[in-house]
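Content type mmCIF, C-alpha atoms, from the file coords-v4.cif:
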data_query
loop_
_atom_site.label_atom_id
_atom_site.label_comp_id
_atom_site.auth_asym_id
_atom_site.auth_seq_id
_atom_site.Cartn_x
_atom_site.Cartn_y
_atom_site.Cartn_z
CA MET X 1 135.82 133.36 116.72
CA THR X 2 134.82 132.35 113.21
CA LEU X 3 132.36 129.63 112.25
CA TYR X 4 132.62 127.94 108.87
CA GLY X 5 129.16 126.57 108.23
CA TYR X 6 126.26 126.23 105.83
CA TYR X 7 122.69 127.18 106.56
CA ARG X 8 121.26 123.71 105.94
CA SER X 9 124.10 121.69 107.50
CA SER X 10 122.58 120.19 110.61
CA ALA X 11 126.02 119.77 112.18
CA ALA X 12 126.65 123.52 111.76
CA TYR X 13 123.11 124.17 113.06
CA ARG X 14 124.05 122.35 116.29
CA VAL X 15 127.05 124.61 116.83
CA ARG X 16 124.99 127.72 116.09
CA ILE X 17 122.53 126.70 118.81
CA ALA X 18 125.37 126.09 121.30
CA LEU X 19 126.92 129.49 120.51
CA ASN X 20 123.55 131.20 120.98
CA LEU X 21 122.88 129.38 124.26
CA LYS X 22 126.26 130.62 125.51
CA GLY X 23 125.54 134.13 124.24
CA LEU X 24 128.67 134.12 122.05
CA ASP X 25 128.96 136.21 118.93
CA VAL X 26 131.00 134.82 116.02
CA ALA X 27 131.71 135.77 112.44
CA GLN X 28 130.01 133.34 110.06
CA LEU X 29 131.79 132.20 106.90
CA PRO X 30 129.38 130.22 104.72
CA VAL X 31 130.78 127.27 102.74
CA ASN X 32 128.44 126.49 99.87
CA LEU X 33 128.01 122.72 100.22
CA ALA X 34 125.47 122.51 97.41
CA GLY X 35 128.06 124.06 95.10
CA GLY X 36 130.87 121.74 96.27
CA ALA X 37 132.98 124.41 98.01
CA GLN X 38 133.82 121.94 100.80
CA ARG X 39 135.78 119.77 98.35
CA GLU X 40 138.03 122.58 97.10
CA GLU X 41 141.72 122.69 98.04
CA SER X 42 141.28 126.01 99.82
CA PHE X 43 138.71 124.52 102.22
CA ARG X 44 140.57 121.20 102.64
CA ALA X 45 143.47 123.32 103.95
CA ILE X 46 141.12 124.53 106.67
CA ASN X 47 139.55 121.12 107.35
CA PRO X 48 141.04 118.04 105.67
CA GLN X 49 137.70 116.30 106.33
CA GLY X 50 135.98 118.55 103.80
CA LEU X 51 133.13 119.00 106.27
CA VAL X 52 131.49 121.85 108.15
CA PRO X 53 131.36 123.07 110.84
CA VAL X 54 134.83 124.33 111.68
CA LEU X 55 135.22 126.74 114.57
CA GLU X 56 138.31 128.91 114.46
CA THR X 57 139.08 130.13 117.96
CA ASP X 58 140.63 133.46 118.87
CA ASP X 59 143.90 131.55 119.44
CA GLY X 60 143.76 130.38 115.82
CA GLU X 61 142.92 126.75 116.65
CA ARG X 62 140.64 125.13 114.10
CA LEU X 63 138.22 122.77 115.76
CA THR X 64 136.25 120.14 113.86
CA GLN X 65 133.31 117.82 114.57
CA SER X 66 130.22 119.49 115.95
CA LEU X 67 129.98 117.64 119.28
CA ALA X 68 133.67 118.23 120.03
CA ILE X 69 133.09 121.93 119.29
CA CYS X 70 130.02 122.08 121.56
CA GLU X 71 131.92 120.40 124.41
CA TYR X 72 134.78 122.88 123.89
CA LEU X 73 132.35 125.78 124.17
CA ASP X 74 130.88 124.27 127.33
CA GLU X 75 134.35 123.91 128.90
CA ARG X 76 135.70 127.31 127.82
CA TYR X 77 132.48 129.20 128.64
CA PRO X 78 131.01 127.33 131.59
CA ALA X 79 128.59 130.15 132.46
CA THR X 80 124.95 129.19 132.67
CA PRO X 81 123.44 127.40 130.91
CA ALA X 82 125.63 124.31 131.02
CA LEU X 83 125.15 122.05 128.01
CA LEU X 84 125.58 118.92 130.12
CA PRO X 85 124.15 117.99 133.54
CA GLU X 86 126.39 117.86 136.61
CA ASP X 87 126.27 114.15 137.44
CA ALA X 88 128.29 111.59 135.46
CA ALA X 89 125.30 109.33 134.77
CA GLY X 90 123.20 112.27 133.56
CA ARG X 91 126.06 113.42 131.36
CA ALA X 92 126.31 109.92 129.91
CA ARG X 93 122.56 109.89 129.20
CA VAL X 94 122.72 113.25 127.42
CA ARG X 95 125.85 112.33 125.45
CA GLY X 96 124.28 108.98 124.55
CA LEU X 97 121.16 110.71 123.16
CA ALA X 98 123.31 113.23 121.27
CA GLN X 99 125.45 110.47 119.79
CA LEU X 100 122.44 108.39 118.84
CA ILE X 101 121.69 111.23 116.42
CA ALA X 102 125.25 112.26 115.58
CA SER X 103 126.57 108.71 115.06
CA GLU X 104 123.55 106.63 114.05
CA ILE X 105 121.24 108.86 112.00
CA HIS X 106 123.00 111.90 110.59
CA PRO X 107 126.14 110.22 109.13
CA LEU X 108 123.96 107.95 107.00
CA ASN X 109 121.90 110.79 105.59
CA ASN X 110 124.29 113.61 104.94
CA LEU X 111 124.94 115.12 101.54
CA ARG X 112 128.06 113.16 100.56
CA VAL X 113 126.35 109.85 101.34
CA LEU X 114 123.21 110.72 99.36
CA ARG X 115 125.49 111.74 96.49
CA TYR X 116 127.26 108.37 96.63
CA LEU X 117 123.93 106.52 96.56
CA VAL X 118 122.67 108.41 93.53
CA GLY X 119 126.00 108.90 91.73
CA ASP X 120 128.21 105.86 92.35
CA LEU X 121 125.45 103.37 93.13
CA GLN X 122 122.96 104.77 90.59
CA LEU X 123 120.00 104.49 92.94
CA ASP X 124 116.79 106.22 91.94
CA GLU X 125 114.99 108.90 93.95
CA ASP X 126 112.63 106.40 95.61
CA ALA X 127 115.46 104.19 96.83
CA LYS X 128 117.32 107.25 98.12
CA LEU X 129 114.27 108.49 100.03
CA GLY X 130 113.64 104.98 101.35
CA TRP X 131 117.20 104.88 102.68
CA TYR X 132 116.86 108.32 104.26
CA ARG X 133 113.58 107.54 106.00
CA HIS X 134 114.71 104.09 107.12
CA TRP X 135 117.59 105.46 109.20
CA VAL X 136 115.50 108.30 110.61
CA ALA X 137 112.83 105.77 111.66
CA GLU X 138 115.40 103.40 113.20
CA GLY X 139 117.03 106.18 115.17
CA PHE X 140 113.91 108.08 116.18
CA THR X 141 112.19 104.89 117.38
CA ALA X 142 115.11 104.33 119.75
CA PHE X 143 115.26 108.00 120.74
CA GLU X 144 111.53 108.00 121.54
CA ALA X 145 111.95 104.90 123.73
CA MET X 146 114.88 106.52 125.55
CA LEU X 147 112.78 109.62 126.27
CA ASP X 148 110.34 107.38 128.15
CA SER X 149 112.14 108.22 131.38
CA GLU X 150 111.54 110.26 134.51
CA GLN X 151 114.62 112.24 133.54
CA THR X 152 112.89 113.70 130.49
CA GLY X 153 111.27 117.07 131.08
CA ARG X 154 110.31 119.81 128.70
CA CYS X 155 113.74 119.12 127.21
CA CYS X 156 115.43 115.74 126.64
CA HIS X 157 116.98 115.85 130.11
CA GLY X 158 115.14 118.05 132.57
CA ASP X 159 113.79 121.43 131.65
CA SER X 160 116.82 123.18 130.22
CA PRO X 161 118.46 122.51 126.87
CA THR X 162 121.46 120.21 126.68
CA LEU X 163 123.63 118.68 123.99
CA ALA X 164 120.80 116.20 123.32
CA ASP X 165 118.35 118.96 122.34
CA ILE X 166 121.09 120.65 120.33
CA CYS X 167 121.24 117.50 118.20
CA LEU X 168 117.52 116.72 118.18
CA VAL X 169 116.17 119.98 116.77
CA PRO X 170 118.36 119.99 113.62
CA GLN X 171 117.61 116.30 113.04
CA VAL X 172 113.87 116.97 113.22
CA TYR X 173 114.38 119.83 110.76
CA ASN X 174 116.09 117.38 108.38
CA ALA X 175 113.40 114.75 108.85
CA GLU X 176 110.68 117.25 108.02
CA ARG X 177 112.58 118.41 104.95
CA PHE X 178 112.55 114.82 103.67
CA ASP X 179 108.88 114.28 104.60
CA CYS X 180 109.54 111.61 107.21
CA ASP X 181 106.45 110.53 109.12
CA LEU X 182 106.96 111.59 112.75
CA ALA X 183 103.56 110.51 114.11
CA ALA X 184 105.05 107.65 116.12
CA TYR X 185 107.31 109.93 118.17
CA PRO X 186 105.12 112.17 120.35
CA ARG X 187 107.69 112.71 123.14
CA LEU X 188 110.44 113.61 120.71
CA ARG X 189 108.14 115.99 118.86
CA ALA X 190 107.01 117.70 122.06
CA VAL X 191 110.62 118.30 123.13
CA ALA X 192 111.62 119.56 119.69
CA GLU X 193 108.59 121.85 119.58
CA HIS X 194 109.43 123.31 122.99
CA CYS X 195 113.10 123.88 122.13
CA ARG X 196 112.37 125.38 118.73
CA GLY X 197 110.45 128.09 120.51
CA LEU X 198 113.50 129.19 122.50
CA ALA X 199 115.36 132.19 121.10
CA ALA X 200 118.75 130.41 120.93
CA PHE X 201 117.26 127.69 118.75
CA GLU X 202 115.07 129.96 116.67
CA GLN X 203 117.94 132.28 115.79
CA ALA X 204 120.10 129.31 114.77
CA SER X 205 117.53 127.95 112.33
CA PRO X 206 118.57 127.59 108.66
CA ALA X 207 116.06 130.16 107.40
CA ARG X 208 117.62 132.81 109.63
CA GLN X 209 121.19 132.40 108.31
CA PRO X 210 122.95 134.88 106.00
CA ASP X 211 123.45 132.26 103.25
CA ALA X 212 119.84 130.94 103.33
CA ARG X 213 118.18 130.77 99.94
CA MET N 1 129.64 96.61 136.14
CA THR N 2 128.48 94.57 133.18
CA LEU N 3 129.40 95.13 129.54
CA TYR N 4 127.08 93.91 126.81
CA GLY N 5 129.32 93.55 123.77
CA TYR N 6 130.43 91.40 120.89
CA TYR N 7 133.99 90.43 120.12
CA ARG N 8 134.06 91.96 116.64
CA SER N 9 132.00 95.09 117.40
CA SER N 10 134.47 97.93 117.13
CA ALA N 11 132.29 100.13 119.34
CA ALA N 12 132.45 97.49 122.11
CA TYR N 13 136.20 97.12 121.43
CA ARG N 14 136.60 100.86 122.23
CA VAL N 15 134.92 100.44 125.60
CA ARG N 16 137.01 97.36 126.40
CA ILE N 17 140.18 99.38 125.79
CA ALA N 18 138.92 102.21 128.04
CA LEU N 19 138.05 99.76 130.82
CA ASN N 20 141.50 98.16 130.57
CA LEU N 21 143.27 101.53 130.58
CA LYS N 22 141.37 102.37 133.78
CA GLY N 23 142.15 98.98 135.27
CA LEU N 24 138.46 98.19 135.73
CA ASP N 25 137.12 94.66 135.80
CA VAL N 26 133.65 94.02 134.39
CA ALA N 27 131.48 91.02 133.65
CA GLN N 28 131.12 90.54 129.89
CA LEU N 29 127.79 89.49 128.41
CA PRO N 30 128.22 88.69 124.71
CA VAL N 31 125.36 89.60 122.35
CA ASN N 32 125.67 87.53 119.19
CA LEU N 33 125.32 90.19 116.49
CA ALA N 34 125.97 87.72 113.65
CA GLY N 35 123.00 85.67 114.90
CA GLY N 36 120.72 88.72 115.27
CA ALA N 37 120.47 88.69 119.08
CA GLN N 38 120.60 92.51 119.14
CA ARG N 39 117.22 92.68 117.38
CA GLU N 40 115.40 90.44 119.87
CA GLU N 41 112.82 91.91 122.26
CA SER N 42 114.89 90.87 125.27
CA PHE N 43 117.85 92.95 124.13
CA ARG N 44 115.74 95.88 122.92
CA ALA N 45 114.48 96.08 126.52
CA ILE N 46 118.10 96.66 127.57
CA ASN N 47 118.94 99.03 124.70
CA PRO N 48 116.12 100.27 122.43
CA GLN N 49 118.80 101.09 119.84
CA GLY N 50 119.50 97.39 119.33
CA LEU N 51 123.22 98.14 119.45
CA VAL N 52 126.21 97.19 121.56
CA PRO N 53 127.96 98.26 123.69
CA VAL N 54 125.79 98.84 126.75
CA LEU N 55 127.49 99.38 130.08
CA GLU N 56 125.38 98.57 133.12
CA THR N 57 126.79 100.43 136.11
CA ASP N 58 126.75 99.21 139.70
CA ASP N 59 123.86 101.66 140.27
CA GLY N 60 121.87 99.86 137.58
CA GLU N 61 122.13 102.65 134.99
CA ARG N 62 122.36 101.39 131.44
CA LEU N 63 124.66 103.56 129.38
CA THR N 64 124.73 103.50 125.59
CA GLN N 65 126.97 104.86 122.81
CA SER N 66 130.63 103.99 123.13
CA LEU N 67 132.08 107.51 123.36
CA ALA N 68 129.52 108.52 126.00
CA ILE N 69 130.50 105.42 127.96
CA CYS N 70 134.24 106.18 127.66
CA GLU N 71 133.69 109.77 128.85
CA TYR N 72 131.63 108.42 131.77
CA LEU N 73 134.49 106.10 132.74
CA ASP N 74 136.94 109.00 132.52
CA GLU N 75 134.75 111.17 134.77
CA ARG N 76 133.90 108.48 137.32
CA TYR N 77 137.43 107.02 137.45
CA PRO N 78 139.70 110.02 136.86
CA ALA N 79 142.82 108.18 138.06
CA THR N 80 145.73 108.11 135.62
CA PRO N 81 145.68 107.68 132.76
CA ALA N 82 143.17 110.34 131.73
CA LEU N 83 141.52 109.59 128.40
CA LEU N 84 141.47 113.29 127.45
CA PRO N 85 144.15 115.99 127.78
CA GLU N 86 143.79 118.77 130.34
CA ASP N 87 143.43 121.80 128.08
CA ALA N 88 140.16 122.60 126.30
CA ALA N 89 141.77 122.89 122.85
CA GLY N 90 143.59 119.58 123.27
CA ARG N 91 140.38 117.94 124.43
CA ALA N 92 138.63 119.31 121.36
CA ARG N 93 141.37 117.93 119.09
CA VAL N 94 141.13 114.48 120.66
CA ARG N 95 137.33 114.43 120.61
CA GLY N 96 137.40 115.66 117.01
CA LEU N 97 139.69 112.79 115.97
CA ALA N 98 137.56 110.29 117.88
CA GLN N 99 134.37 111.58 116.27
CA LEU N 100 135.91 111.58 112.82
CA ILE N 101 136.00 107.81 113.24
CA ALA N 102 132.86 107.36 115.33
CA SER N 103 130.65 109.67 113.24
CA GLU N 104 132.16 109.64 109.74
CA ILE N 105 133.57 106.15 109.13
CA HIS N 106 132.14 103.55 111.46
CA PRO N 107 128.40 104.37 111.13
CA LEU N 108 128.59 103.86 107.38
CA ASN N 109 130.26 100.48 107.64
CA ASN N 110 128.61 98.71 110.51
CA LEU N 111 126.73 95.47 110.22
CA ARG N 112 123.18 96.82 109.92
CA VAL N 113 124.21 99.16 107.10
CA LEU N 114 126.03 96.44 105.15
CA ARG N 115 122.93 94.28 105.59
CA TYR N 116 120.72 97.05 104.17
CA LEU N 117 123.02 97.43 101.15
CA VAL N 118 122.99 93.73 100.35
CA GLY N 119 119.44 92.93 101.46
CA ASP N 120 117.19 95.92 100.74
CA LEU N 121 119.29 97.47 97.97
CA GLN N 122 120.41 94.15 96.45
CA LEU N 123 123.98 95.30 95.94
CA ASP N 124 126.56 92.66 95.04
CA GLU N 125 129.70 91.88 97.04
CA ASP N 126 131.90 94.15 94.91
CA ALA N 127 129.64 97.17 95.38
CA LYS N 128 129.47 96.47 99.13
CA LEU N 129 133.27 96.28 99.43
CA GLY N 130 133.62 99.40 97.28
CA TRP N 131 131.31 101.25 99.66
CA TYR N 132 133.20 100.01 102.71
CA ARG N 133 136.62 100.97 101.37
CA HIS N 134 135.42 104.33 100.06
CA TRP N 135 134.39 105.56 103.52
CA VAL N 136 137.52 104.18 105.18
CA ALA N 137 139.67 105.97 102.57
CA GLU N 138 137.74 109.25 102.95
CA GLY N 139 138.03 109.17 106.72
CA PHE N 140 141.59 107.88 106.99
CA THR N 141 142.86 110.45 104.46
CA ALA N 142 141.49 113.19 106.71
CA PHE N 143 142.74 111.48 109.88
CA GLU N 144 146.25 111.17 108.40
CA ALA N 145 146.26 114.88 107.52
CA MET N 146 145.13 115.77 111.04
CA LEU N 147 147.97 113.72 112.53
CA ASP N 148 150.42 115.98 110.65
CA SER N 149 150.74 118.13 113.76
CA GLU N 150 153.29 118.83 116.47
CA GLN N 151 150.72 117.55 118.94
CA THR N 152 150.95 114.02 117.59
CA GLY N 153 153.39 111.80 119.45
CA ARG N 154 153.66 108.06 119.71
CA CYS N 155 149.89 108.29 120.20
CA CYS N 156 147.41 110.55 118.37
CA HIS N 157 147.88 113.28 120.96
CA GLY N 158 151.17 113.13 122.82
CA ASP N 159 152.63 109.89 124.07
CA SER N 160 149.81 108.42 126.11
CA PRO N 161 146.61 106.90 124.79
CA THR N 162 143.47 109.02 124.58
CA LEU N 163 139.95 108.64 123.26
CA ALA N 164 141.38 109.15 119.74
CA ASP N 165 143.58 106.04 119.97
CA ILE N 166 140.69 104.14 121.54
CA CYS N 167 138.75 104.78 118.33
CA LEU N 168 141.65 104.41 115.90
CA VAL N 169 142.83 100.92 116.82
CA PRO N 170 139.43 99.19 116.37
CA GLN N 171 138.88 101.08 113.10
CA VAL N 172 142.25 99.86 111.77
CA TYR N 173 141.27 96.33 112.82
CA ASN N 174 138.07 96.70 110.77
CA ALA N 175 139.91 98.15 107.79
CA GLU N 176 142.34 95.24 107.79
CA ARG N 177 139.50 92.75 108.03
CA PHE N 178 138.03 94.23 104.85
CA ASP N 179 141.43 94.37 103.07
CA CYS N 180 141.54 98.16 102.83
CA ASP N 181 144.82 99.50 101.45
CA LEU N 182 146.46 101.47 104.26
CA ALA N 183 149.72 102.34 102.48
CA ALA N 184 148.82 106.03 102.21
CA TYR N 185 148.51 106.50 105.98
CA PRO N 186 151.98 106.02 107.54
CA ARG N 187 151.35 108.25 110.60
CA LEU N 188 148.06 106.59 111.40
CA ARG N 189 149.60 103.13 111.01
CA ALA N 190 152.57 104.00 113.25
CA VAL N 191 150.25 105.20 116.01
CA ALA N 192 147.97 102.18 115.71
CA GLU N 193 150.99 99.85 115.75
CA HIS N 194 152.34 101.47 118.89
CA CYS N 195 149.00 101.37 120.71
CA ARG N 196 148.24 97.80 119.70
CA GLY N 197 151.37 96.78 121.54
CA LEU N 198 150.10 98.20 124.85
CA ALA N 199 148.57 95.65 127.21
CA ALA N 200 145.25 97.52 127.57
CA PHE N 201 144.74 97.43 123.81
CA GLU N 202 146.06 93.93 123.29
CA GLN N 203 143.78 92.44 125.94
CA ALA N 204 140.78 94.20 124.41
CA SER N 205 141.37 92.78 120.93
CA PRO N 206 138.58 90.69 119.37
CA ALA N 207 140.63 87.48 119.31
CA ARG N 208 141.06 87.66 123.09
CA GLN N 209 137.33 87.86 123.93
CA PRO N 210 135.31 84.98 125.41
CA ASP N 211 132.89 84.91 122.44
CA ALA N 212 135.63 84.98 119.75
CA ARG N 213 135.24 82.29 117.13
#
Do you think you could lay out the structure here as structure tokens?
Amino acid sequence: MTLYGYYRSSAAYRVRIALNLKGLDVAQLPVNLAGGAQREESFRAINPQGLVPVLETDDGERLTQSLAICEYLDERYPATPALLPEDAAGRARVRGLAQLIASEIHPLNNLRVLRYLVGDLQLDEDAKLGWYRHWVAEGFTAFEAMLDSEQTGRCCHGDSPTLADICLVPQVYNAERFDCDLAAYPRLRAVAEHCRGLAAFEQASPARQPDAR
Amino acid sequence: MTLYGYYRSSAAYRVRIALNLKGLDVAQLPVNLAGGAQREESFRAINPQGLVPVLETDDGERLTQSLAICEYLDERYPATPALLPEDAAGRARVRGLAQLIASEIHPLNNLRVLRYLVGDLQLDEDAKLGWYRHWVAEGFTAFEAMLDSEQTGRCCHGDSPTLADICLVPQVYNAERFDCDLAAYPRLRAVAEHCRGLAAFEQASPARQPDAR
């Protein structure tokens, strides 16, 4: 399998964690987002969305959207650890937490959106940072409240990593990169801290990738 | 089961379609988003995210995030029709299409974001509409390209509705409400037109809801 990614892309970071948790080895093909490689014809032919990650399977299928890719990996390689709990309600809780990040925080703060704010809308750096931190605060406040549950353990759901942790750790990385104040989210920070210490997460971190600068 | 929703919320619209496809009857509790009811303490106690939909199950679980809720319904009520294909690659394609809408278009254009643009950022109506149409065009261009596949049928994936169609139809409704030009997306429009004609979709449409105005 081949993963098109970028060291700082938090969506690619999610897939790297999932691959590591499953013990799967893939070839990495970096797409230089900072240099605009995702908007070139050659990459649009691979993913018309102009986004990473893309996972090319051994059958030649090109899969897009990080959560769809993680669920694919969980279905194709169901060996321990599972990325979702067994019960439908638990699965819904984990998917809900993952989507709170993947649909409510990250899409508002990714590179193409920040570019639109500064380029098309001519916002200054302060307004851009205000925007970034606003959506992190909105989302993390809700995430923190949802972790106030007996179902939370050392990880978001119990003691082993799930799709929720796979989304949380890269989002915390982003928030720290943009100096967001995380003091109000002790549960979220404790879970992220625990997961970051696990080898699958550590080896997926941006600094450890071949294209890191 | 009880569904907290709002007639015009496209995320709630997705869940209504899924419930109808499964033939499930639920009590509907409208949350008046235009009036700000989602930000009140009483609703935050139900969903800390301050968002609809929320599905309260018969066991008293409160499920959030529309795609997580649809997957829950598909797992708990696996009777025909399934909302996802059987094969892992097909499931990944359908989830990828669904997430292209749920993570790349809708989050940028929902009510709280438009409010931030006009309120906090003081953008005028033209800039707000430009923003809205830009993200619809970006996402629909990619969606149209992804429908250029042998796997597309009368629906996004084959001839029966899946999670991808459940996301597409409400997004087309939104795009039409904001006068987006859809001429460049003939495949997407044909699929949406077909699905809109199905009873499960028609009965879920905003105009047919008890809180429609």
May I have a table of the residues of chain N lying at most 6 Å from chain X, giving each one's closest pair of atoms and their distance in Å to one decimal, counting only C-alpha atoms, ordered by chain and ascending residue number, as a tab-separated table?
residue	atom	partner	partner_atom	distance
N:Pro48	CA	X:Ala142	CA	5.0
N:Gln49	CA	X:Ala142	CA	4.9
N:Thr64	CA	X:Gly96	CA	5.6
N:Gln65	CA	X:Gly96	CA	5.2
N:Ala68	CA	X:Ala92	CA	5.2
N:Tyr72	CA	X:Ala92	CA	5.8
N:Ala88	CA	X:Tyr72	CA	5.9
N:Ala92	CA	X:Ala68	CA	5.2
N:Arg95	CA	X:Ala68	CA	5.3
N:Gly96	CA	X:Gln65	CA	5.2
N:Ser103	CA	X:Ser103	CA	4.6
N:Ala142	CA	X:Gln49	CA	4.9
Radius query 9 Å about (128.8, 130.4, 110.2), atoms used: all atoms listed in the file, as a list of chain:residue names: X:Thr2, X:Leu3, X:Tyr4, X:Gly5, X:Tyr6, X:Tyr7, X:Ala12, X:Tyr13, X:Val15, X:Arg16, X:Val26, X:Ala27, X:Gln28, X:Leu29, X:Pro30, X:Val31, X:Pro53, X:Val54, X:Leu55, X:Gln209, X:Pro210, X:Asp211
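Atom CA of X:Ala82 to atom CA of N:Gln151 spans 28.7 Å [interatomic distance, one decimal].
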Atomic distance atom CA of N:Glu40 - atom CA of N:Gly60, expressed in Å with one decimal: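 Atom CA of N:Gly60 lies at a distance of 21.1 Å from atom CA of N:Glu40.
Nearest residue to X:Phe201 among X:Leu24, X:Ala79, X:Val169, X:Ala184 is X:Val169, counting all atoms listed in the file.
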The PyMOL selection byres ((chain N and resi 34) around 12) applied to the shown file, residues as a PyMOL selection string: chain N and resi 6-9+30-33+35-39+110-112+115+211-213
Residue neighbourhood stretch 190-200 of chain X, 8 Å, all atoms listed in the file, exclusion window fewer than 4 positions, as an MDAnalysis selection string: chainID X and resid 17:18 20:21 154:156 161 165 168:169 172 186 204
For atom CA of N:Glu125 and atom CA of N:Cys167, the interatomic separation in Å (one decimal): 26.5 Å
